[in-house]
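So this block is run_28.txt, compact mmCIF, C-alpha atoms:
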# COMPACT_ATOMS: atom_id res chain seq x y z
CA MET A 30 271.88 123.73 94.05
CA ASN A 31 268.82 121.52 94.35
CA GLY A 32 270.86 119.07 96.38
CA VAL A 33 269.99 116.14 98.56
CA HIS A 34 270.97 118.22 101.62
CA ASP A 35 267.83 120.36 101.17
CA LEU A 36 265.66 118.02 103.22
CA GLY A 37 262.79 120.18 104.51
CA GLY A 38 259.45 118.51 103.77
CA MET A 39 260.85 115.31 102.28
CA GLN A 40 259.11 112.08 103.22
CA GLY A 41 260.08 108.46 103.68
CA PHE A 42 263.03 108.73 106.05
CA GLY A 43 261.16 107.06 108.87
CA PRO A 44 260.92 108.12 112.51
CA VAL A 45 263.47 110.32 114.28
CA ARG A 46 264.61 107.72 116.83
CA PRO A 47 266.42 109.94 119.34
CA GLU A 48 268.81 108.50 121.87
CA PRO A 49 267.70 109.34 125.40
CA GLU A 50 269.29 112.67 126.29
CA SER A 51 270.91 111.31 129.43
CA GLU A 52 272.68 108.53 127.51
CA GLU A 53 274.06 110.56 124.62
CA ARG A 54 277.74 111.08 124.17
CA VAL A 55 279.11 114.09 122.30
CA PHE A 56 281.14 111.84 120.01
CA HIS A 57 280.30 108.20 119.47
CA GLU A 58 283.75 107.23 118.20
CA GLU A 59 287.12 108.77 118.92
CA TRP A 60 287.80 109.42 115.22
CA GLU A 61 284.69 111.63 115.10
CA SER A 62 286.21 113.94 117.69
CA ARG A 63 289.45 114.08 115.69
CA VAL A 64 287.59 114.93 112.47
CA TYR A 65 285.64 117.64 114.29
CA GLY A 66 288.75 119.14 115.88
CA ILE A 67 290.91 119.00 112.75
CA THR A 68 288.15 120.57 110.65
CA ARG A 69 287.78 123.44 113.12
CA LEU A 70 291.52 124.10 113.38
CA ILE A 71 292.15 123.91 109.64
CA GLY A 72 289.12 126.15 109.09
CA ARG A 73 290.88 128.89 111.07
CA LEU A 74 293.67 129.03 108.49
CA GLY A 75 291.28 131.11 106.42
CA LEU A 76 291.72 129.12 103.20
CA TRP A 77 288.00 128.64 102.84
CA ASN A 78 284.87 129.85 104.59
CA LEU A 79 281.82 128.24 106.16
CA ASP A 80 279.74 128.52 102.99
CA LYS A 81 282.43 126.82 100.92
CA SER A 82 282.56 123.99 103.44
CA ARG A 83 278.81 123.60 103.29
CA TYR A 84 278.76 123.74 99.49
CA ASN A 85 281.51 121.17 99.39
CA ARG A 86 279.51 118.72 101.52
CA GLU A 87 276.36 119.43 99.50
CA GLN A 88 278.17 118.29 96.37
CA LEU A 89 278.88 114.82 97.70
CA PRO A 90 277.07 112.22 95.56
CA PRO A 91 273.50 112.09 96.94
CA ALA A 92 273.65 108.40 97.85
CA GLU A 93 276.89 109.01 99.71
CA TYR A 94 275.50 112.09 101.49
CA LEU A 95 272.55 110.12 102.86
CA ALA A 96 274.55 106.99 103.67
CA ASN A 97 277.37 108.79 105.45
CA SER A 98 277.25 109.41 109.14
CA TYR A 99 277.62 113.11 109.93
CA TYR A 100 281.35 113.07 110.61
CA GLU A 101 282.02 110.81 107.62
CA SER A 102 280.70 113.65 105.49
CA TRP A 103 282.86 116.14 107.36
CA PHE A 104 285.88 113.94 106.75
CA ALA A 105 285.14 113.50 103.05
CA GLY A 106 284.62 117.27 102.72
CA LEU A 107 287.81 118.08 104.60
CA ARG A 108 290.00 115.82 102.42
CA LYS A 109 288.49 117.28 99.28
CA GLN A 110 289.06 120.86 100.42
CA LEU A 111 292.62 120.25 101.61
CA VAL A 112 293.57 118.98 98.16
CA ALA A 113 291.50 121.61 96.30
CA VAL A 114 293.35 124.51 97.94
CA GLY A 115 296.70 122.76 97.52
CA LEU A 116 297.40 122.47 101.23
CA ILE A 117 298.15 118.78 100.78
CA SER A 118 298.72 116.82 97.59
CA GLU A 119 297.05 113.64 96.40
CA GLU A 120 300.46 112.02 96.74
CA GLU A 121 300.74 113.06 100.38
CA LEU A 122 297.26 111.70 101.02
CA GLN A 123 298.26 108.38 99.45
CA THR A 124 301.63 107.99 101.17
CA GLY A 125 300.77 109.74 104.44
CA ARG A 126 304.16 111.48 104.24
CA ALA A 127 304.67 115.23 103.97
CA SER A 128 306.53 116.08 100.79
CA ALA A 129 306.00 119.80 100.29
CA PRO A 130 306.51 122.60 102.83
CA VAL A 131 303.64 124.91 103.75
CA PRO A 132 303.99 128.62 102.84
CA GLU A 133 305.01 130.82 105.76
CA ARG A 134 301.89 133.03 105.47
CA ILE A 135 299.76 129.98 106.21
CA MET A 136 302.03 128.66 108.99
CA GLU A 137 301.62 132.00 110.75
CA ARG A 138 297.93 131.28 111.16
CA VAL A 139 298.22 127.81 112.73
CA VAL A 140 296.12 127.80 115.90
CA ASN A 141 297.78 126.97 119.22
CA ALA A 142 296.21 125.64 122.41
CA GLU A 143 296.17 129.05 124.06
CA GLN A 144 294.15 130.50 121.19
CA VAL A 145 291.72 127.60 121.43
CA ARG A 146 291.06 128.30 125.09
CA ALA A 147 290.74 132.07 124.70
CA VAL A 148 287.26 133.51 125.32
CA PRO A 149 285.20 134.21 123.24
CA ILE A 150 285.91 130.90 121.61
CA MET A 151 286.99 131.20 117.99
CA THR A 152 284.21 133.56 116.92
CA THR A 153 283.54 134.92 113.43
CA SER A 154 281.64 138.05 112.43
CA TYR A 155 279.02 137.73 109.69
CA VAL A 156 277.90 141.36 109.76
CA ARG A 157 278.96 143.46 106.75
CA PRO A 158 278.37 147.06 105.63
CA GLU A 159 274.99 147.67 104.01
CA PRO A 160 275.12 147.53 100.21
CA ALA A 161 272.02 149.80 100.00
CA PRO A 162 269.07 150.61 102.23
CA PRO A 163 266.93 147.54 103.05
CA ARG A 164 264.13 146.93 100.55
CA PHE A 165 261.75 145.37 103.09
CA ALA A 166 260.56 146.14 106.60
CA PRO A 167 258.77 144.11 109.27
CA GLY A 168 255.15 143.52 108.26
CA ASP A 169 255.86 143.52 104.51
CA ARG A 170 254.42 140.68 102.46
CA VAL A 171 257.12 138.97 100.39
CA ARG A 172 257.32 136.06 97.97
CA ALA A 173 260.31 133.74 98.07
CA LEU A 174 261.58 133.65 94.51
CA ASN A 175 261.27 130.49 92.48
CA ARG A 176 264.97 130.24 91.76
CA HIS A 177 267.13 127.17 91.22
CA PRO A 178 270.75 128.28 91.24
CA ARG A 179 273.36 125.67 90.38
CA GLY A 180 275.69 126.98 93.08
CA HIS A 181 275.29 127.23 96.84
CA THR A 182 272.17 128.86 98.25
CA ARG A 183 270.39 129.00 101.60
CA GLU A 184 266.91 129.41 100.15
CA PRO A 185 265.32 126.04 100.88
CA ARG A 186 263.15 124.53 98.15
CA TYR A 187 260.06 124.30 100.32
CA VAL A 188 259.63 128.10 100.55
CA ARG A 189 260.19 128.90 96.87
CA GLY A 190 257.21 130.56 95.25
CA HIS A 191 255.46 131.01 98.60
CA VAL A 192 254.31 134.19 100.30
CA GLY A 193 255.21 135.14 103.84
CA THR A 194 255.55 138.16 106.11
CA VAL A 195 258.79 139.83 107.15
CA ARG A 196 259.16 139.55 110.96
CA GLU A 197 262.54 141.11 111.57
CA HIS A 198 265.38 142.67 109.62
CA TYR A 199 268.64 141.08 110.76
CA GLY A 200 270.86 143.65 109.06
CA SER A 201 273.43 143.13 106.36
CA GLN A 202 275.17 139.76 106.60
CA VAL A 203 277.55 137.68 104.48
CA TYR A 204 275.58 136.51 101.44
CA PRO A 205 276.12 132.74 101.20
CA ASP A 206 275.49 132.34 97.46
CA LEU A 207 278.49 134.58 96.71
CA SER A 208 280.49 133.63 99.79
CA ALA A 209 280.68 130.01 98.58
CA GLU A 210 282.33 131.42 95.43
CA GLY A 211 284.84 133.34 97.51
CA VAL A 212 283.12 136.76 97.28
CA ASP A 213 282.58 138.32 100.71
CA GLU A 214 279.62 140.72 100.52
CA GLY A 215 276.87 141.73 102.90
CA HIS A 216 273.25 141.59 101.75
CA HIS A 217 270.14 142.30 103.81
CA LEU A 218 268.85 139.35 105.80
CA TYR A 219 265.29 138.93 107.08
CA SER A 220 263.33 136.54 109.23
CA VAL A 221 260.25 135.65 107.19
CA ARG A 222 257.21 133.96 108.63
CA PHE A 223 255.15 131.53 106.51
CA ASP A 224 251.83 129.98 107.46
CA ALA A 225 252.11 126.20 107.33
CA SER A 226 249.04 126.07 105.06
CA GLU A 227 250.82 128.33 102.54
CA LEU A 228 253.76 125.91 102.42
CA TRP A 229 252.07 122.53 102.75
CA GLY A 230 248.49 123.07 101.57
CA GLU A 231 245.81 120.89 103.04
CA SER A 232 248.30 118.47 104.60
CA ALA A 233 249.68 121.28 106.79
CA ASP A 234 249.91 120.92 110.54
CA ALA A 235 247.08 123.28 111.52
CA ASN A 236 247.98 126.28 113.64
CA SER A 237 251.67 126.18 112.85
CA VAL A 238 254.06 128.58 111.14
CA VAL A 239 257.61 128.31 109.85
CA CYS A 240 260.09 131.16 110.24
CA VAL A 241 262.96 131.09 107.76
CA ASP A 242 265.97 133.40 107.47
CA LEU A 243 266.12 134.68 103.90
CA TRP A 244 268.41 137.14 102.15
CA GLU A 245 266.92 140.01 100.13
CA ASP A 246 268.09 138.38 96.89
CA TYR A 247 265.66 135.53 97.57
CA LEU A 248 262.62 137.80 97.92
CA GLU A 249 260.24 139.97 95.92
CA PRO A 250 257.35 142.14 97.10
CA ALA A 251 253.96 140.39 97.28
CA GLN A 252 250.36 141.39 97.96
CA MET B 6 277.86 101.36 120.13
CA SER B 7 279.33 101.84 116.72
CA HIS B 8 278.49 104.89 114.66
CA HIS B 9 276.46 102.58 112.43
CA ASP B 10 273.77 102.63 115.05
CA HIS B 11 273.42 106.35 114.61
CA HIS B 12 273.25 106.79 110.90
CA ASP B 13 271.27 109.71 109.61
CA HIS B 14 268.97 107.47 107.64
CA ASP B 15 266.61 104.67 108.01
CA HIS B 16 267.68 102.02 105.52
CA ASP B 17 270.51 99.57 105.33
CA HIS B 18 273.37 100.07 102.97
CA ASP B 19 276.74 98.56 102.30
CA HIS B 20 279.77 100.52 103.32
CA THR B 21 282.67 100.18 100.98
CA GLU B 22 284.94 100.31 104.02
CA PRO B 23 284.54 98.85 107.49
CA PRO B 24 284.53 101.35 110.38
CA SER B 25 288.07 100.52 111.41
CA ASP B 26 289.13 101.79 108.02
CA ILE B 27 287.85 105.30 108.63
CA GLU B 28 289.60 105.27 111.97
CA LEU B 29 292.87 104.53 110.18
CA ARG B 30 292.23 107.09 107.48
CA VAL B 31 291.51 109.80 110.04
CA LYS B 32 294.65 108.90 111.97
CA ALA B 33 296.68 109.02 108.76
CA LEU B 34 295.36 112.48 107.89
CA GLU B 35 295.94 113.74 111.43
CA SER B 36 299.58 112.53 111.39
CA LEU B 37 300.14 114.13 108.01
CA LEU B 38 298.72 117.48 109.11
CA VAL B 39 300.72 117.39 112.34
CA GLU B 40 303.90 116.52 110.41
CA LYS B 41 303.26 119.47 108.11
CA GLY B 42 302.79 121.72 111.13
CA LEU B 43 299.22 122.64 110.17
CA VAL B 44 297.66 121.06 113.25
CA ASP B 45 299.15 121.62 116.69
CA PRO B 46 298.41 118.38 118.60
CA GLU B 47 298.02 120.26 121.86
CA ALA B 48 295.51 122.64 120.28
CA LEU B 49 293.60 119.68 118.84
CA ASP B 50 293.35 117.98 122.24
CA ALA B 51 292.34 121.26 123.88
CA LEU B 52 289.61 121.86 121.31
CA ILE B 53 288.17 118.36 121.63
CA ASP B 54 288.29 118.63 125.40
CA LEU B 55 286.34 121.91 125.25
CA TYR B 56 283.47 120.46 123.26
CA GLU B 57 283.48 117.07 124.95
CA ASP B 58 283.49 118.35 128.53
CA LYS B 59 283.01 122.08 128.90
CA ILE B 60 280.72 123.53 126.25
CA GLY B 61 277.42 121.73 126.64
CA PRO B 62 273.73 122.10 127.47
CA SER B 63 274.47 123.16 131.05
CA ASN B 64 275.35 126.61 129.65
CA GLY B 65 271.90 126.94 128.12
CA LYS B 66 270.26 125.51 131.24
CA HIS B 67 272.01 128.18 133.28
CA VAL B 68 270.70 130.93 130.98
CA VAL B 69 267.14 129.58 131.09
CA ALA B 70 267.10 129.09 134.86
CA HIS B 71 268.50 132.59 135.32
CA ALA B 72 265.74 133.99 133.10
CA TRP B 73 263.10 132.05 135.04
CA ALA B 74 264.42 133.33 138.35
CA ASP B 75 265.01 136.94 137.33
CA GLU B 76 262.27 138.70 135.34
CA GLU B 77 264.52 141.64 134.50
CA PHE B 78 267.16 139.35 133.04
CA LYS B 79 264.47 137.52 131.08
CA GLN B 80 263.34 140.75 129.42
CA TRP B 81 266.94 141.60 128.59
CA LEU B 82 267.48 138.11 127.18
CA LEU B 83 264.46 138.48 124.89
CA ASP B 84 265.20 142.09 123.87
CA ASP B 85 268.98 141.91 123.48
CA PRO B 86 269.93 138.22 123.63
CA ASN B 87 273.54 138.67 122.55
CA ALA B 88 274.32 141.15 125.31
CA ALA B 89 272.43 139.18 127.96
CA ILE B 90 274.14 135.92 127.02
CA ALA B 91 277.53 137.61 126.80
CA SER B 92 277.04 138.85 130.37
CA MET B 93 277.05 135.18 131.40
CA GLY B 94 280.12 134.43 129.30
CA TYR B 95 278.64 131.95 126.84
CA VAL B 96 280.02 133.41 123.65
CA GLY B 97 281.79 131.39 120.99
CA SER B 98 281.73 129.97 117.50
CA GLN B 99 278.20 129.26 116.21
CA GLY B 100 276.71 131.49 118.87
CA GLU B 101 277.75 134.91 117.62
CA GLN B 102 274.18 135.94 116.81
CA VAL B 103 271.44 134.44 118.93
CA ARG B 104 267.68 134.95 119.10
CA VAL B 105 265.84 133.62 122.13
CA VAL B 106 262.29 132.51 121.36
CA GLU B 107 259.92 132.24 124.29
CA ASN B 108 257.34 129.54 124.83
CA THR B 109 254.11 130.94 126.24
CA ASP B 110 250.55 129.76 126.87
CA ASP B 111 249.85 130.52 123.20
CA VAL B 112 253.06 129.61 121.36
CA HIS B 113 255.45 126.67 121.32
CA ASN B 114 258.77 127.04 119.47
CA LEU B 115 260.81 124.36 117.72
CA VAL B 116 264.26 124.75 116.12
CA VAL B 117 265.66 122.87 113.13
CA CYS B 118 268.26 123.31 110.40
CA THR B 119 266.84 121.70 107.26
CA LEU B 120 269.91 122.47 105.13
CA CYS B 121 272.70 121.26 107.45
CA SER B 122 273.11 121.26 111.22
CA CYS B 123 273.18 124.86 112.50
CA TYR B 124 272.88 124.90 116.29
CA PRO B 125 273.89 127.31 119.10
CA TRP B 126 277.12 125.59 120.19
CA PRO B 127 278.11 127.91 123.08
CA LEU B 128 274.72 127.35 124.71
CA LEU B 129 273.91 123.73 123.89
CA GLY B 130 277.22 122.17 122.86
CA LEU B 131 277.41 120.12 119.67
CA PRO B 132 274.09 118.88 118.30
CA PRO B 133 272.90 115.33 119.02
CA VAL B 134 272.78 112.80 116.18
CA TRP B 135 269.01 113.05 115.77
CA TYR B 136 269.14 116.83 115.23
CA LYS B 137 271.46 116.31 112.25
CA SER B 138 269.54 113.32 110.92
CA ALA B 139 267.47 113.26 107.73
CA PRO B 140 264.22 112.27 109.48
CA TYR B 141 264.32 115.26 111.83
CA ARG B 142 265.44 117.78 109.21
CA ALA B 143 262.78 116.52 106.77
CA GLN B 144 259.82 116.42 109.14
CA ALA B 145 260.28 119.30 111.57
CA VAL B 146 259.09 122.00 109.14
CA ALA B 147 256.21 120.00 107.65
CA ASP B 148 254.92 118.06 110.63
CA PRO B 149 256.23 119.65 113.82
CA ARG B 150 253.57 118.17 116.09
CA GLY B 151 254.30 114.73 114.64
CA VAL B 152 258.02 115.17 115.37
CA MET B 153 257.36 116.25 118.94
CA ARG B 154 255.10 113.24 119.43
CA GLN B 155 258.15 111.07 118.70
CA PHE B 156 259.75 112.72 121.73
CA GLY B 157 256.65 112.06 123.81
CA SER B 158 255.37 115.65 123.64
CA GLU B 159 251.81 116.55 122.76
CA ILE B 160 251.19 120.18 121.86
CA PRO B 161 247.48 121.10 121.93
CA GLN B 162 245.91 122.29 118.67
CA GLU B 163 244.97 125.66 120.15
CA LYS B 164 248.63 126.45 120.76
CA GLU B 165 250.55 127.83 117.77
CA VAL B 166 253.65 125.83 116.88
CA ARG B 167 256.37 128.09 115.52
CA VAL B 168 259.21 126.36 113.73
CA TRP B 169 262.54 128.15 113.24
CA ASP B 170 264.58 126.93 110.29
CA SER B 171 268.19 128.06 110.91
CA THR B 172 269.06 128.93 107.33
CA SER B 173 271.44 131.81 108.18
CA GLU B 174 274.09 132.49 110.85
CA MET B 175 271.40 133.41 113.36
CA ARG B 176 271.08 130.76 116.06
CA TYR B 177 267.89 130.08 117.99
CA LEU B 178 267.42 129.09 121.61
CA VAL B 179 264.00 128.16 122.96
CA LEU B 180 263.13 129.60 126.35
CA PRO B 181 260.80 126.93 127.75
CA GLN B 182 257.92 127.83 130.04
CA ARG B 183 258.74 127.73 133.71
CA PRO B 184 256.87 124.77 135.21
CA ALA B 185 254.16 125.48 137.73
CA GLY B 186 254.87 124.64 141.34
CA THR B 187 258.42 126.00 141.31
CA GLU B 188 257.76 129.27 143.13
CA GLY B 189 260.70 130.23 145.29
CA TRP B 190 263.04 127.63 143.78
CA SER B 191 266.70 128.52 143.50
CA GLU B 192 268.38 128.89 140.12
CA GLU B 193 270.23 125.67 140.77
CA GLN B 194 267.02 123.74 141.45
CA LEU B 195 265.41 125.25 138.36
CA MET B 196 268.35 124.19 136.18
CA ASP B 197 267.46 120.56 136.86
CA LEU B 198 264.12 121.06 135.17
CA VAL B 199 265.63 122.38 131.94
CA THR B 200 266.53 119.71 129.41
CA ARG B 201 268.59 120.19 126.28
CA ASN B 202 265.62 118.91 124.30
CA SER B 203 263.38 121.59 125.81
CA MET B 204 265.80 124.27 124.56
CA VAL B 205 265.53 122.87 121.02
CA GLY B 206 261.78 122.71 121.52
CA VAL B 207 261.05 119.00 120.99
CA GLU B 208 259.91 118.82 124.61
CA GLU B 209 258.72 121.11 127.36
CA ALA B 210 260.69 121.56 130.57
CA ARG B 211 260.29 118.87 133.21
CA VAL B 212 257.57 119.26 135.79
CA PRO B 213 258.80 119.16 139.39
CA ALA B 214 257.42 115.69 140.19
CA THR B 215 259.67 114.09 137.58
CA ALA B 216 262.62 116.40 138.16
CA GLY B 217 264.84 113.71 139.57
CA ALA B 218 263.72 110.99 137.14
CA ALA B 219 266.26 111.41 134.37
Can you turn what I pasted into structure tokens?
Amino acid sequence: MNGVHDLGGMQGFGPVRPEPESEERVFHEEWESRVYGITRLIGRLGLWNLDKSRYNREQLPPAEYLANSYYESWFAGLRKQLVAVGLISEEELQTGRASAPVPERIMERVVNAEQVRAVPIMTTSYVRPEPAPPRFAPGDRVRALNRHPRGHTREPRYVRGHVGTVREHYGSQVYPDLSAEGVDEGHHLYSVRFDASELWGESADANSVVCVDLWEDYLEPAQ
Amino acid sequence: MSHHDHHDHDHDHDHTEPPSDIELRVKALESLLVEKGLVDPEALDALIDLYEDKIGPSNGKHVVAHAWADEEFKQWLLDDPNAAIASMGYVGSQGEQVRVVENTDDVHNLVVCTLCSCYPWPLLGLPPVWYKSAPYRAQAVADPRGVMRQFGSEIPQEKEVRVWDSTSEMRYLVLPQRPAGTEGWSEEQLMDLVTRNSMVGVEEARVPATAGAA
């Protein structure tokens, strides 16, 4: 969707204002660490995937998305997803009391401390079997399609309609547009290099390029 | 500092709820999930502890310093980053597929995620607030030199700036240039010159004279 999350190239947000690296804390409030931890642990129950989580946050009302701090958005997304999959009810959210038991098949997947500490730490594989041979190879000129899907996509607006060059083929990986709808399929993924002048015209930062990871579905051959 | 100081935007707005309210709401949800058996409190504490204290930029600094000190490892890191990084044990969620991009005399690399906040957790820990903020995500792809200037870095025009927008599950780590005047330094000494910001690409590595400054 052409959501407010798709920020590349937008103007008017003001300067970056970083905290000095030596003074940063990982979490600025204790509740942020709880939201982070709960989201990770609940995510391992397998009731939704990363793309669904992202899509869920992208659908927050735009004003709310921009006004929220990062972990406020995570918290809003988590509550919404917990109710959407029926893991907790609106009533439970209101009262704070558990009223319905959780199915055994879900309880079996609850993560314990030992699993948290196991190395490698809670990894996921995104590689999937190839649906067909790759259509593009490094060096090929490609145009990012001018598409505006209503669902989730990882083709940022600022590349649409623009021509770049394939740098590397990353193999067949989970296709986010379908994954957010619950369909787990691998599609070919490429790193595509765009000249800044192609993307930003005469206001481009001279002598700069942008490399974007794009799935085959987002691309067509170009001259 | 309250989280209000670190909002991802640059204008004032009215919260419908004061910050203490979100604290209470998070606590309420945590208790509910624990009561239902969906969150093991010990696992939750262990996970937070991992990301608060153990998985941070020092992992990435170790990888970079090792690459600076050992040319063979550096080649491996560039050619087969996942295997090279795995050999050092820094494998975990959001670091399953890594590409290491090398800064040279001709190229400077900068990493962003314009669509959300993708970041190589096992190497750099969780991203800082600015990395997830609207100003950074908006500007990094369109005005990379301008962004770096806000971090005090000036990249000469003759050097190509290469921005990596993390739109897939590939994660990018910048290998900064080894500062001059560090010949014969130990890996440990070299680690002190690597900053987290230099591995995202908003800065270069420290030069020896300022090594102890920050």
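For the atom pair formed by CA of Gly65 in chain B and CA of Tyr65 in chain A, the distance is 21.6 Å, given to one decimal.
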Pick out the closest residue to Ala166 in chain A from this set: A:Glu227, A:Glu52, A:Glu197, A:Glu184. Count only C-alpha atoms.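 Among the listed residues, A:Glu197 lies closest to Ala166 in chain A.
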Nearest candidate to Arg104 in chain B (options A:Ser220, A:Arg176, A:Arg189, A:Thr182; using only C-alpha atoms): A:Ser220
Can you tell me which residues surround range 74-89 of chain B at a distance of at most 7 Å, considering only C-alpha atoms, apart from same-chain residues fewer than 6 positions away, and format the answer as a compact mmCIF listing (two decimals) with C-alpha atoms, in the frame of the given file?
# COMPACT_ATOMS: atom_id res chain seq x y z
CA GLN B 102 274.18 135.94 116.81
CA VAL B 103 271.44 134.44 118.93
CA ARG B 104 267.68 134.95 119.10
CA VAL B 105 265.84 133.62 122.13
CA GLU B 192 268.38 128.89 140.12
Could the residues of range 73-116 of chain B that have an atom at most 9 Å from range 168-190 of chain B be listed as JSON lines, each with its closest atom pair and the distance in Å to one decimal, counting only C-alpha atoms and ordered by chain and ascending residue number?
{"residue": "B:Trp73", "atom": "CA", "partner": "B:Arg183", "partner_atom": "CA", "distance": 6.3}
{"residue": "B:Ala74", "atom": "CA", "partner": "B:Trp190", "partner_atom": "CA", "distance": 8.0}
{"residue": "B:Gln99", "atom": "CA", "partner": "B:Arg176", "partner_atom": "CA", "distance": 7.3}
{"residue": "B:Gly100", "atom": "CA", "partner": "B:Arg176", "partner_atom": "CA", "distance": 6.3}
{"residue": "B:Glu101", "atom": "CA", "partner": "B:Met175", "partner_atom": "CA", "distance": 7.8}
{"residue": "B:Gln102", "atom": "CA", "partner": "B:Met175", "partner_atom": "CA", "distance": 5.1}
{"residue": "B:Val103", "atom": "CA", "partner": "B:Arg176", "partner_atom": "CA", "distance": 4.7}
{"residue": "B:Arg104", "atom": "CA", "partner": "B:Tyr177", "partner_atom": "CA", "distance": 5.0}
{"residue": "B:Val105", "atom": "CA", "partner": "B:Leu178", "partner_atom": "CA", "distance": 4.8}
{"residue": "B:Val106", "atom": "CA", "partner": "B:Val179", "partner_atom": "CA", "distance": 4.9}
{"residue": "B:Glu107", "atom": "CA", "partner": "B:Leu180", "partner_atom": "CA", "distance": 4.6}
{"residue": "B:Asn108", "atom": "CA", "partner": "B:Pro181", "partner_atom": "CA", "distance": 5.2}
{"residue": "B:Thr109", "atom": "CA", "partner": "B:Gln182", "partner_atom": "CA", "distance": 6.2}
{"residue": "B:Asp110", "atom": "CA", "partner": "B:Gln182", "partner_atom": "CA", "distance": 8.3}
{"residue": "B:His113", "atom": "CA", "partner": "B:Pro181", "partner_atom": "CA", "distance": 8.4}
{"residue": "B:Asn114", "atom": "CA", "partner": "B:Val168", "partner_atom": "CA", "distance": 5.8}
{"residue": "B:Leu115", "atom": "CA", "partner": "B:Val168", "partner_atom": "CA", "distance": 4.7}
{"residue": "B:Val116", "atom": "CA", "partner": "B:Trp169", "partner_atom": "CA", "distance": 4.8}
Between A:Glu231, A:Pro185, A:Glu50, A:Leu174, which has the minimum distance to Gly37 in chain A (counting all atoms listed in the file)? A:Pro185
Skipping near chain neighbours, those fewer than 2 positions away, what residues fall within 10 Å of range 32-38 of chain B using all atoms listed in the file, listed as number ranges by chain? A: 60, 63-64, 67, 71, 104, 107-108, 116-117, 121-128; B: 26-30, 40-46, 49
Nearest to chain A, chosen from B:Ser25, B:Thr200, B:Gln194, B:Thr119, with all atoms listed in the file counted in the distances: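 Of B:Ser25, B:Thr200, B:Gln194, B:Thr119, the one nearest chain A, counting all atoms listed in the file, is B:Thr119.
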Of A:Val192, A:Val45, A:Leu243, A:Leu76, the one sitting nearest Gly151 in chain B when using only C-alpha atoms is A:Val45
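The two atoms in question, CA of Lys164 in chain B and CA of Asp111 in chain B, are spaced 4.9 Å apart.
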Please tell me which residues are no farther than 8 Å from (252.2, 142.2, 98.7) in the file, counting all atoms listed in the file, and write them as a list in words. Asp169, Arg170, Val171, Pro250, Ala251 and Gln252 of chain A
Counting all atoms listed in the file, the option among B:Gly61, B:Pro149, B:Gly94, B:Pro213 closest to Leu131 in chain B: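 Of B:Gly61, B:Pro149, B:Gly94, B:Pro213, the one nearest Leu131 in chain B is B:Gly61, counting all atoms listed in the file.
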Rounded to one decimal, what separation in Å do you get between CA of Gly168 in chain A and CA of His198 in chain A? 10.4 Å
May I have the protein, DNA and RNA residues with any atom at most 12 Å from the point (286.1, 134.7, 121.1), counting all atoms listed in the file, written as a tab-separated table (two decimals) with C-alpha atoms, in the coordinates of the input?
chain	number	residue	atom	x	y	z
A	143	GLU	CA	296.17	129.05	124.06
A	144	GLN	CA	294.15	130.50	121.19
A	145	VAL	CA	291.72	127.60	121.43
A	146	ARG	CA	291.06	128.30	125.09
A	147	ALA	CA	290.74	132.07	124.70
A	148	VAL	CA	287.26	133.51	125.32
A	149	PRO	CA	285.20	134.21	123.24
A	150	ILE	CA	285.91	130.90	121.61
A	151	MET	CA	286.99	131.20	117.99
A	152	THR	CA	284.21	133.56	116.92
A	153	THR	CA	283.54	134.92	113.43
A	154	SER	CA	281.64	138.05	112.43
B	91	ALA	CA	277.53	137.61	126.80
B	94	GLY	CA	280.12	134.43	129.30
B	95	TYR	CA	278.64	131.95	126.84
B	96	VAL	CA	280.02	133.41	123.65
B	97	GLY	CA	281.79	131.39	120.99
B	98	SER	CA	281.73	129.97	117.50
B	99	GLN	CA	278.20	129.26	116.21
B	100	GLY	CA	276.71	131.49	118.87
B	101	GLU	CA	277.75	134.91	117.62
B	127	PRO	CA	278.11	127.91	123.08
Residues within 9 Å of Cys121 in chain B, please, as a PyMOL selection string. Count all atoms listed in the file; anything in the same chain fewer than 5 positions from it doesn't count. (chain A and resi 34-36+83+87) or (chain B and resi 137+142+171-172)
Can you tell me which residues surround Arg150 in chain B at a distance of at most 12 Å, considering all atoms listed in the file, apart from same-chain residues fewer than 5 positions away, and format the answer as a list in words? Ala225, Ala233, Asp234, Ala235, Asn236, Ser237 and Val238 of chain A; His113, Asn114, Leu115, Tyr141, Gln144, Ala145, Gln155, Phe156, Gly157, Ser158, Glu159, Ile160, Pro161, Gln162, Lys164, Glu165, Val166, Arg167, Val168, Gly206, Val207 and Glu208 of chain B
